[in-house]
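Next up, start_19.txt (compact mmCIF, C-alpha atoms):
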```txt
# COMPACT_ATOMS: atom_id res chain seq x y z
CA MET A 1 2.92 2.38 25.59
CA LYS A 2 -0.54 3.88 25.14
CA ILE A 3 -1.50 4.43 21.49
CA GLY A 4 -4.05 6.96 20.27
CA PHE A 5 -5.44 7.68 16.81
CA PHE A 6 -6.10 11.08 15.24
CA GLY A 7 -8.35 10.07 12.36
CA ALA A 8 -11.03 7.40 12.19
CA GLY A 9 -10.96 6.06 8.66
CA LYS A 10 -10.15 2.60 7.32
CA VAL A 11 -6.52 2.61 8.44
CA GLY A 12 -7.30 3.96 11.91
CA PHE A 13 -10.08 1.42 12.43
CA SER A 14 -7.96 -1.49 11.19
CA LEU A 15 -4.73 -0.72 13.06
CA GLY A 16 -6.58 0.15 16.27
CA LYS A 17 -8.51 -3.11 16.20
CA TYR A 18 -5.41 -5.11 15.28
CA PHE A 19 -3.44 -3.54 18.11
CA SER A 20 -6.15 -3.88 20.76
CA ASP A 21 -6.95 -7.48 19.79
CA ASN A 22 -3.28 -8.34 20.21
CA GLY A 23 -2.79 -6.88 23.64
CA LEU A 24 -1.47 -3.40 22.84
CA SER A 25 -2.89 -0.51 24.86
CA VAL A 26 -5.07 1.68 22.63
CA THR A 27 -6.49 4.79 24.27
CA GLY A 28 -8.95 5.74 21.55
CA TYR A 29 -9.79 8.17 18.76
CA TYR A 30 -10.22 11.81 17.93
CA ASN A 31 -11.83 12.80 14.64
CA ARG A 32 -13.28 16.07 13.46
CA ASN A 33 -16.43 14.11 12.68
CA LYS A 34 -17.19 12.89 16.18
CA GLU A 35 -19.56 10.17 14.96
CA SER A 36 -16.66 8.49 13.16
CA ALA A 37 -14.48 8.64 16.28
CA LEU A 38 -17.31 7.21 18.36
CA GLU A 39 -17.84 4.38 15.88
CA ALA A 40 -14.12 3.56 15.90
CA ALA A 41 -14.00 3.68 19.70
CA ASN A 42 -16.96 1.32 19.98
CA PHE A 43 -15.45 -1.01 17.40
CA THR A 44 -12.15 -1.23 19.29
CA GLY A 45 -13.51 -1.01 22.84
CA THR A 46 -11.68 2.26 23.46
CA LYS A 47 -12.49 5.94 24.07
CA CYS A 48 -13.81 8.75 21.90
CA PHE A 49 -11.93 11.98 22.67
CA ASP A 50 -13.51 15.42 22.40
CA SER A 51 -10.29 17.22 21.45
CA PRO A 52 -6.80 16.52 20.10
CA GLU A 53 -5.37 17.79 23.38
CA GLU A 54 -7.21 15.11 25.36
CA LEU A 55 -6.01 12.41 22.97
CA ILE A 56 -2.40 13.61 23.19
CA ASN A 57 -2.46 13.93 26.98
CA GLU A 58 -3.67 10.34 27.43
CA SER A 59 -1.43 8.76 24.76
CA ASP A 60 2.29 8.09 24.50
CA CYS A 61 2.16 7.47 20.75
CA ILE A 62 -0.26 9.21 18.38
CA PHE A 63 -1.01 7.84 14.93
CA LEU A 64 -2.18 10.45 12.42
CA THR A 65 -4.38 8.16 10.33
CA VAL A 66 -5.75 10.88 8.06
CA SER A 67 -5.37 11.27 4.30
CA ASP A 68 -1.82 11.80 3.04
CA GLY A 69 -2.60 15.37 2.04
CA ALA A 70 -3.89 16.22 5.52
CA ILE A 71 -1.03 14.79 7.63
CA LYS A 72 1.13 17.92 7.55
CA SER A 73 -1.76 20.30 8.26
CA VAL A 74 -2.94 18.18 11.20
CA TYR A 75 0.58 18.16 12.57
CA ASP A 76 0.77 21.95 12.17
CA SER A 77 -2.46 22.26 14.18
CA ILE A 78 -1.20 20.20 17.13
CA LYS A 79 2.54 20.90 17.29
CA SER A 80 3.31 22.51 20.63
CA PRO A 81 5.20 21.77 23.86
CA MET A 82 2.42 19.31 24.79
CA LEU A 83 4.08 16.87 22.36
CA SER A 84 7.14 16.63 24.60
CA GLY A 85 8.01 12.98 25.25
CA LYS A 86 5.46 11.78 22.68
CA MET A 87 5.87 9.73 19.54
CA LEU A 88 4.04 10.67 16.33
CA CYS A 89 3.45 8.18 13.53
CA HIS A 90 1.76 8.33 10.16
CA CYS A 91 0.88 5.55 7.71
CA SER A 92 1.63 7.20 4.37
CA GLY A 93 3.68 5.09 1.99
CA SER A 94 5.11 8.09 0.16
CA LEU A 95 5.76 10.71 2.87
CA SER A 96 8.83 10.48 5.07
CA ALA A 97 8.58 11.23 8.77
CA GLU A 98 10.65 14.37 8.31
CA GLU A 99 8.36 15.65 5.53
CA ALA A 100 5.27 15.06 7.64
CA PHE A 101 6.66 16.21 10.99
CA PRO A 102 9.40 18.81 10.38
CA ASP A 103 11.25 20.10 13.44
CA ILE A 104 9.43 17.67 15.73
CA GLU A 105 12.59 17.27 17.81
CA SER A 106 12.31 20.92 18.84
CA PHE A 107 9.16 19.96 20.76
CA GLY A 108 10.92 17.09 22.52
CA ALA A 109 9.13 14.44 20.45
CA CYS A 110 10.13 11.86 17.85
CA SER A 111 8.42 10.38 14.82
CA CYS A 112 8.26 7.64 12.22
CA SER A 113 6.22 6.41 9.31
CA VAL A 114 4.60 2.98 9.66
CA HIS A 115 3.30 1.65 6.36
CA PRO A 116 1.54 -1.70 5.99
CA LEU A 117 2.05 -3.34 2.60
CA PHE A 118 -1.55 -4.40 2.58
CA PRO A 119 -4.76 -3.29 0.83
CA ILE A 120 -6.87 -1.93 3.69
CA SER A 121 -10.19 -1.86 1.89
CA GLY A 122 -12.73 -1.88 4.71
CA LYS A 123 -13.10 -0.44 8.21
CA HIS A 124 -14.58 -3.54 9.79
CA GLU A 125 -12.89 -6.43 7.96
CA SER A 126 -9.27 -5.65 7.02
CA PHE A 127 -7.89 -5.98 10.56
CA ARG A 128 -8.48 -9.75 10.37
CA GLU A 129 -5.78 -10.10 7.71
CA LEU A 130 -3.22 -7.64 9.09
CA HIS A 131 -1.23 -10.47 10.65
CA LYS A 132 -0.11 -11.23 7.08
CA ALA A 133 1.08 -7.68 6.38
CA TYR A 134 4.70 -6.67 5.85
CA PHE A 135 5.37 -3.36 7.60
CA CYS A 136 7.93 -0.83 6.36
CA ILE A 137 9.13 1.69 8.93
CA GLU A 138 11.14 4.88 8.51
CA GLY A 139 12.03 7.68 10.91
CA SER A 140 14.05 8.33 14.04
CA ASP A 141 16.23 5.53 15.37
CA TYR A 142 14.26 5.30 18.60
CA CYS A 143 10.84 5.14 16.93
CA THR A 144 11.89 2.62 14.30
CA SER A 145 13.41 0.44 17.01
CA VAL A 146 10.24 0.56 19.13
CA TRP A 147 7.90 -0.30 16.28
CA THR A 148 10.18 -2.94 14.82
CA ASP A 149 10.10 -4.74 18.17
CA ILE A 150 6.31 -4.37 18.44
CA PHE A 151 5.56 -5.78 15.00
CA LYS A 152 8.03 -8.62 15.40
CA ARG A 153 6.26 -9.58 18.63
CA LEU A 154 2.98 -9.51 16.70
CA GLY A 155 4.51 -11.83 14.10
CA ASN A 156 4.71 -9.30 11.26
CA PRO A 157 7.81 -9.09 9.05
CA VAL A 158 9.40 -5.62 9.17
CA ARG A 159 11.75 -3.63 6.96
CA ILE A 160 13.37 -0.33 7.95
CA ILE A 161 13.86 1.95 4.93
CA SER A 162 15.47 5.34 4.44
CA ALA A 163 13.63 8.61 3.89
CA GLU A 164 15.32 8.92 0.49
CA ASP A 165 13.76 5.65 -0.66
CA LYS A 166 10.18 6.37 0.41
CA THR A 167 8.92 7.63 -2.97
CA LYS A 168 10.52 4.79 -4.93
CA TYR A 169 9.23 2.32 -2.36
CA HIS A 170 5.69 3.67 -2.67
CA ALA A 171 5.86 3.56 -6.47
CA ALA A 172 6.76 -0.13 -6.21
CA CYS A 173 3.80 -0.78 -3.91
CA SER A 174 1.44 1.10 -6.24
CA MET A 175 2.59 -0.92 -9.23
CA MET A 176 1.88 -4.22 -7.50
CA SER A 177 -1.43 -3.04 -6.08
CA ASN A 178 -3.12 -0.15 -7.90
CA LEU A 179 -1.67 -0.73 -11.35
CA VAL A 180 -2.67 -4.38 -11.23
CA CYS A 181 -6.24 -3.14 -10.76
CA ALA A 182 -5.85 -1.07 -13.93
CA LEU A 183 -4.61 -4.09 -15.90
CA ALA A 184 -7.50 -6.16 -14.56
CA GLN A 185 -10.01 -3.51 -15.67
CA GLU A 186 -8.48 -3.35 -19.15
CA SER A 187 -8.70 -7.14 -19.41
CA LEU A 188 -12.34 -6.98 -18.31
CA ASP A 189 -13.09 -4.31 -20.91
CA LEU A 190 -11.67 -6.48 -23.70
CA LEU A 191 -13.63 -9.55 -22.57
CA THR A 192 -16.90 -7.61 -22.31
CA ASP A 193 -16.25 -6.47 -25.90
CA CYS A 194 -16.22 -10.20 -26.71
CA GLY A 195 -19.67 -10.68 -25.18
CA PHE A 196 -18.81 -11.64 -21.61
CA SER A 197 -20.74 -10.09 -18.77
CA GLU A 198 -18.49 -8.54 -16.13
CA GLU A 199 -19.41 -11.34 -13.73
CA GLU A 200 -18.54 -13.99 -16.32
CA ALA A 201 -15.27 -12.25 -17.16
CA LEU A 202 -14.21 -12.06 -13.52
CA SER A 203 -15.05 -15.72 -13.03
CA ALA A 204 -13.10 -16.71 -16.14
CA LEU A 205 -10.04 -14.63 -15.23
CA TYR A 206 -9.85 -15.66 -11.60
CA PRO A 207 -7.99 -18.99 -12.01
CA LEU A 208 -5.67 -17.39 -14.58
CA ALA A 209 -4.76 -14.52 -12.25
CA GLU A 210 -4.60 -16.69 -9.14
CA ASN A 211 -2.20 -19.22 -10.64
CA ASN A 212 -0.12 -16.52 -12.28
CA LEU A 213 0.37 -14.74 -8.93
CA ARG A 214 1.20 -18.03 -7.26
CA ASN A 215 3.88 -18.70 -9.88
CA ILE A 216 5.26 -15.16 -9.59
CA PHE A 217 5.73 -15.47 -5.85
CA SER A 218 7.04 -19.01 -5.89
CA ALA A 219 9.43 -18.77 -8.86
CA GLY A 220 9.85 -15.02 -9.50
CA PRO A 221 8.35 -12.92 -12.33
CA ILE A 222 10.91 -13.92 -14.97
CA ASN A 223 10.49 -17.65 -14.41
CA ALA A 224 6.71 -17.28 -14.23
CA LEU A 225 6.58 -15.53 -17.61
CA THR A 226 4.46 -17.21 -20.31
CA GLY A 227 2.67 -16.00 -23.43
CA PRO A 228 3.51 -14.61 -26.86
CA VAL A 229 6.29 -12.23 -25.76
CA GLU A 230 8.14 -14.99 -23.93
CA ARG A 231 7.68 -17.26 -26.97
CA ASN A 232 8.93 -14.49 -29.27
CA ASP A 233 5.66 -14.78 -31.21
CA SER A 234 5.59 -11.51 -33.13
CA SER A 235 2.66 -12.54 -35.32
CA THR A 236 0.36 -12.89 -32.30
CA ILE A 237 1.52 -9.56 -30.85
CA LYS A 238 0.75 -7.95 -34.22
CA LYS A 239 -2.78 -9.38 -34.13
CA HIS A 240 -3.28 -8.14 -30.58
CA LEU A 241 -2.24 -4.62 -31.53
CA ALA A 242 -4.56 -4.66 -34.55
CA CYS A 243 -7.62 -5.57 -32.48
CA ILE A 244 -7.10 -3.14 -29.58
CA ASN A 245 -8.78 0.11 -30.54
CA ASP A 246 -8.82 1.88 -27.19
CA ARG A 247 -5.75 4.13 -27.08
CA ILE A 248 -5.16 3.82 -23.33
CA ILE A 249 -5.40 0.03 -23.39
CA ARG A 250 -3.15 -0.09 -26.45
CA ASP A 251 -0.53 2.16 -24.83
CA THR A 252 -0.60 0.04 -21.67
CA TYR A 253 -0.24 -3.15 -23.71
CA ILE A 254 2.79 -1.74 -25.57
CA SER A 255 4.52 -0.42 -22.43
CA ALA A 256 4.01 -3.66 -20.52
CA SER A 257 5.14 -5.75 -23.50
CA ARG A 258 8.38 -3.76 -23.73
CA GLN A 259 9.10 -4.66 -20.12
CA LEU A 260 8.23 -8.30 -20.87
CA ILE A 261 10.83 -8.29 -23.65
CA ARG A 262 13.50 -7.22 -21.15
CA MET A 263 12.41 -10.08 -18.88
CA ALA A 264 12.28 -12.60 -21.71
CA GLU A 265 15.78 -11.65 -22.85
CA LYS A 266 17.09 -12.52 -19.39
CA ARG A 267 15.33 -15.87 -19.52
CA HIS A 268 16.33 -16.61 -23.11
CA PRO A 269 19.62 -14.75 -23.69
CA ASP A 270 20.16 -16.49 -27.04
CA SER A 271 16.84 -15.33 -28.52
CA ASP A 272 16.57 -12.27 -30.76
CA TYR A 273 13.60 -10.06 -29.86
CA SER A 274 14.50 -7.21 -32.24
CA GLU A 275 11.57 -7.89 -34.60
CA MET A 276 9.13 -7.68 -31.72
CA GLU A 277 10.74 -4.46 -30.46
CA LYS A 278 10.30 -2.88 -33.91
CA LEU A 279 6.68 -3.98 -33.93
CA LEU A 280 6.03 -2.27 -30.59
CA ASP A 281 7.75 0.91 -31.78
CA LYS A 282 5.31 1.44 -34.66
```
Transcribe the structure of this file into structure tokens.
Amino acid sequence: MKIGFFGAGKVGFSLGKYFSDNGLSVTGYYNRNKESALEAANFTGTKCFDSPEELINESDCIFLTVSDGAIKSVYDSIKSPMLSGKMLCHCSGSLSAEEAFPDIESFGACSCSVHPLFPISGKHESFRELHKAYFCIEGSDYCTSVWTDIFKRLGNPVRIISAEDKTKYHAACSMMSNLVCALAQESLDLLTDCGFSEEEALSALYPLAENNLRNIFSAGPINALTGPVERNDSSTIKKHLACINDRIIRDTYISASRQLIRMAEKRHPDSDYSEMEKLLDK
């Protein structure tokens, strides 16, 4: 199967390089900014196409690695009988294949969404770590079967999910990835208020965060839980709330602590957390 990419951003660069380095046949790239397509083609040892039609004609499977908001409009610009026998894929975590490619069967084509649970942060580096990524696939039976087999051969774990679960699935990914960044920034802000430089704060927090994540993934979040909520230490929580003046940080602290109470109650079913709950409701 020959794989082409419409879009030459971080995801297109990374998947194309990962595929080509692992023996898959990558035809190349089309991008409205030709310089980007040329850079991606040079990076992956493939071809820069001058038009979408050329890319489609030379590829069996076309990945639309453009921004989530542009996937549907790109599809609308290329949908035609020339898609007959082709497979279209996108990498959005939130969009289903049907939302992105409505009525694709009428053109004799099929589609799926292929989402790596991985923070692709750079065009030239992220591909090196993609062998660790968990891929979630959704779409037509044929497409999901093809890509499940491909990723399993590459050594990646795969999960097929339903279209109905895509939004909830993406929310879960965002919480573990993006929202963790928000919590890290709020922690940094509090430490810089204490006199730390940002560099010092990051250095100080690194072993704390690293070991916490290790415990979460080895024992589960509930068993990894430590701190004043888990200890049912309302006096410390009260002090924390009194010293946090930023409204957004305070609201985040309260919301997260309410969830921690639910977790702590499962770990310590005989403990009474009602006093702490009242404190967080004030």
Item to complete: Write out as a ChimeraX atom specification each polymer residue whose atoms come within 6 Å of Asp60 in chain A, counting all atoms listed in the file; drop sequence neighbours fewer than 2 positions from it.
Response: /A:1-2,86
Practice prompt. Grab the CA of Gln259 in chain A to CA of Lys239 in chain A distance for me, in Å with one decimal place.
Written response: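 So the answer is 19.0 Å.
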Please report, as AutoDock Vina command-line options, the centre and edge lengths in Å to one decimal of an axis-aligned box covering all listed atoms of range 107-120 of chain A with 4 Å per side.
```
--center_x 2.0 --center_y 7.8 --center_z 11.7 --size_x 25.8 --size_y 32.4 --size_z 29.7
```
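Near range 71-78 of chain A, within 8 Å and counting only C-alpha atoms, sit Pro52, Glu53, Leu64, Thr65, Val66, Ser67, His90, Glu99, Ala100 and Phe101 of chain A, not including residues fewer than 4 positions from it in the same chain.
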Worksheet entry | Two-atom distance - CA of Cys194 in chain A, CA of Ile261 in chain A (Å) |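 Taking CA of Cys194 in chain A as the start and CA of Ile261 in chain A as the end point, the length is 27.3 Å.
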Fill in: Long-range neighbours of Glu39 in chain A as number ranges by chain, 12 Å cut-off, all atoms listed in the file, 2 positions minimum in chain
A: 7-10, 12-13, 17, 28-31, 33-37, 41-49, 123-124
Practice prompt. Work out how far CA of Ala171 in chain A is from CA of Ile104 in chain A, in Å to one decimal.
Written response: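 CA of Ile104 in chain A sits 26.5 Å away from CA of Ala171 in chain A.
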Discussion item. Neighbouring residues of His170 in chain A were defined as those with any atom within 6 Å, considering all atoms listed in the file; residues of the same chain fewer than 2 positions away were excluded. Please report them as a PyMOL selection string.
Written reply: chain A and resi 93-94+167-168+172-173
Practice prompt. For Ile222 in chain A, list every protein, DNA or RNA residue within 8 Å, evaluated using only C-alpha atoms, and leave out those in the same chain fewer than 5 positions away; present the list as JSON, numbers by chain.
Written response: {"A": [216, 263, 264, 266, 267]}
Worksheet entry | Top pick for closest residue to Ser14 in chain A, considering A:Ser121, A:Ser51, A:Ser187, A:Asn178 and counting all atoms listed in the file |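 Smallest separation from Ser14 in chain A among the options: A:Ser121.
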Worksheet item: What would the list of residues within 6 Å of (12.7, 11.0, 10.1) (file frame) look like as a list in words, if all atoms listed in the file are what count?
Response: Ala97, Glu98, Cys112, Gly139 and Ser140 of chain A
Discussion item. Under the rule that all atoms listed in the file are counted, which of A:Ile160, A:Phe118, A:Ser92, A:Leu205 is the nearest residue to Met176 in chain A?
Written reply: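 Closest to Met176 in chain A, using all atoms listed in the file: A:Phe118.
Nearest residue to Ser174 in chain A among A:Leu117, A:Ile137, A:Ala219, A:Leu191 is A:Leu117, counting only C-alpha atoms.
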Please return range 46-79 of chain A, rebuilt to N, CA and C atoms, as a short mmCIF file (atom, residue, chain, number, x, y, z; two decimals), keeping the file's coordinate frame.
```cif
data_model
loop_
_atom_site.label_atom_id
_atom_site.label_comp_id
_atom_site.auth_asym_id
_atom_site.auth_seq_id
_atom_site.Cartn_x
_atom_site.Cartn_y
_atom_site.Cartn_z
N THR A 46 -12.52 1.21 22.90
CA THR A 46 -11.68 2.26 23.46
C THR A 46 -12.50 3.54 23.66
N LYS A 47 -11.85 4.68 23.70
CA LYS A 47 -12.49 5.94 24.07
C LYS A 47 -12.59 6.89 22.89
N CYS A 48 -13.65 7.67 22.87
CA CYS A 48 -13.81 8.75 21.90
C CYS A 48 -13.42 10.06 22.60
N PHE A 49 -12.41 10.74 22.06
CA PHE A 49 -11.93 11.98 22.67
C PHE A 49 -12.63 13.20 22.04
N ASP A 50 -12.84 14.20 22.86
CA ASP A 50 -13.51 15.42 22.40
C ASP A 50 -12.57 16.42 21.76
N SER A 51 -11.25 16.26 21.99
CA SER A 51 -10.29 17.22 21.45
C SER A 51 -8.96 16.53 21.21
N PRO A 52 -8.14 17.07 20.29
CA PRO A 52 -6.80 16.52 20.10
C PRO A 52 -5.96 16.57 21.38
N GLU A 53 -6.15 17.63 22.16
CA GLU A 53 -5.37 17.79 23.38
C GLU A 53 -5.63 16.64 24.36
N GLU A 54 -6.89 16.22 24.47
CA GLU A 54 -7.21 15.11 25.36
C GLU A 54 -6.57 13.82 24.86
N LEU A 55 -6.63 13.60 23.57
CA LEU A 55 -6.01 12.41 22.97
C LEU A 55 -4.51 12.39 23.24
N ILE A 56 -3.85 13.53 23.02
CA ILE A 56 -2.40 13.61 23.19
C ILE A 56 -2.03 13.42 24.65
N ASN A 57 -2.78 14.03 25.56
CA ASN A 57 -2.46 13.93 26.98
C ASN A 57 -2.54 12.49 27.49
N GLU A 58 -3.46 11.70 26.94
CA GLU A 58 -3.67 10.34 27.43
C GLU A 58 -2.90 9.29 26.63
N SER A 59 -2.13 9.72 25.63
CA SER A 59 -1.43 8.76 24.76
C SER A 59 0.07 9.04 24.77
N ASP A 60 0.84 7.96 24.65
CA ASP A 60 2.29 8.09 24.50
C ASP A 60 2.69 8.17 23.03
N CYS A 61 1.91 7.50 22.19
CA CYS A 61 2.16 7.47 20.75
C CYS A 61 0.87 7.83 20.03
N ILE A 62 0.93 8.78 19.11
CA ILE A 62 -0.26 9.21 18.38
C ILE A 62 -0.07 8.91 16.90
N PHE A 63 -0.98 8.12 16.36
CA PHE A 63 -1.01 7.84 14.93
C PHE A 63 -1.91 8.86 14.24
N LEU A 64 -1.37 9.55 13.23
CA LEU A 64 -2.18 10.45 12.42
C LEU A 64 -2.67 9.66 11.22
N THR A 65 -3.81 9.00 11.39
CA THR A 65 -4.38 8.16 10.33
C THR A 65 -5.42 8.97 9.56
N VAL A 66 -4.93 10.03 8.93
CA VAL A 66 -5.75 10.88 8.06
C VAL A 66 -5.21 10.72 6.64
N SER A 67 -5.84 11.36 5.67
CA SER A 67 -5.37 11.27 4.30
C SER A 67 -3.96 11.84 4.18
N ASP A 68 -3.20 11.35 3.20
CA ASP A 68 -1.82 11.80 3.04
C ASP A 68 -1.72 13.32 2.96
N GLY A 69 -2.65 13.93 2.23
CA GLY A 69 -2.60 15.37 2.04
C GLY A 69 -2.92 16.17 3.30
N ALA A 70 -3.51 15.51 4.30
CA ALA A 70 -3.89 16.22 5.52
C ALA A 70 -2.90 16.02 6.66
N ILE A 71 -1.94 15.11 6.52
CA ILE A 71 -1.03 14.79 7.63
C ILE A 71 -0.28 16.03 8.11
N LYS A 72 0.32 16.75 7.18
CA LYS A 72 1.13 17.92 7.55
C LYS A 72 0.27 19.00 8.21
N SER A 73 -0.92 19.25 7.68
CA SER A 73 -1.76 20.30 8.26
C SER A 73 -2.25 19.91 9.64
N VAL A 74 -2.54 18.62 9.86
CA VAL A 74 -2.94 18.18 11.20
C VAL A 74 -1.78 18.36 12.17
N TYR A 75 -0.60 17.97 11.71
CA TYR A 75 0.58 18.16 12.57
C TYR A 75 0.76 19.64 12.92
N ASP A 76 0.62 20.51 11.92
CA ASP A 76 0.77 21.95 12.17
C ASP A 76 -0.24 22.45 13.20
N SER A 77 -1.41 21.81 13.25
CA SER A 77 -2.46 22.26 14.18
C SER A 77 -2.23 21.77 15.61
N ILE A 78 -1.39 20.75 15.78
CA ILE A 78 -1.20 20.20 17.13
C ILE A 78 0.22 20.40 17.67
N LYS A 79 1.17 20.81 16.81
CA LYS A 79 2.54 20.90 17.29
C LYS A 79 2.66 22.00 18.34
#
```
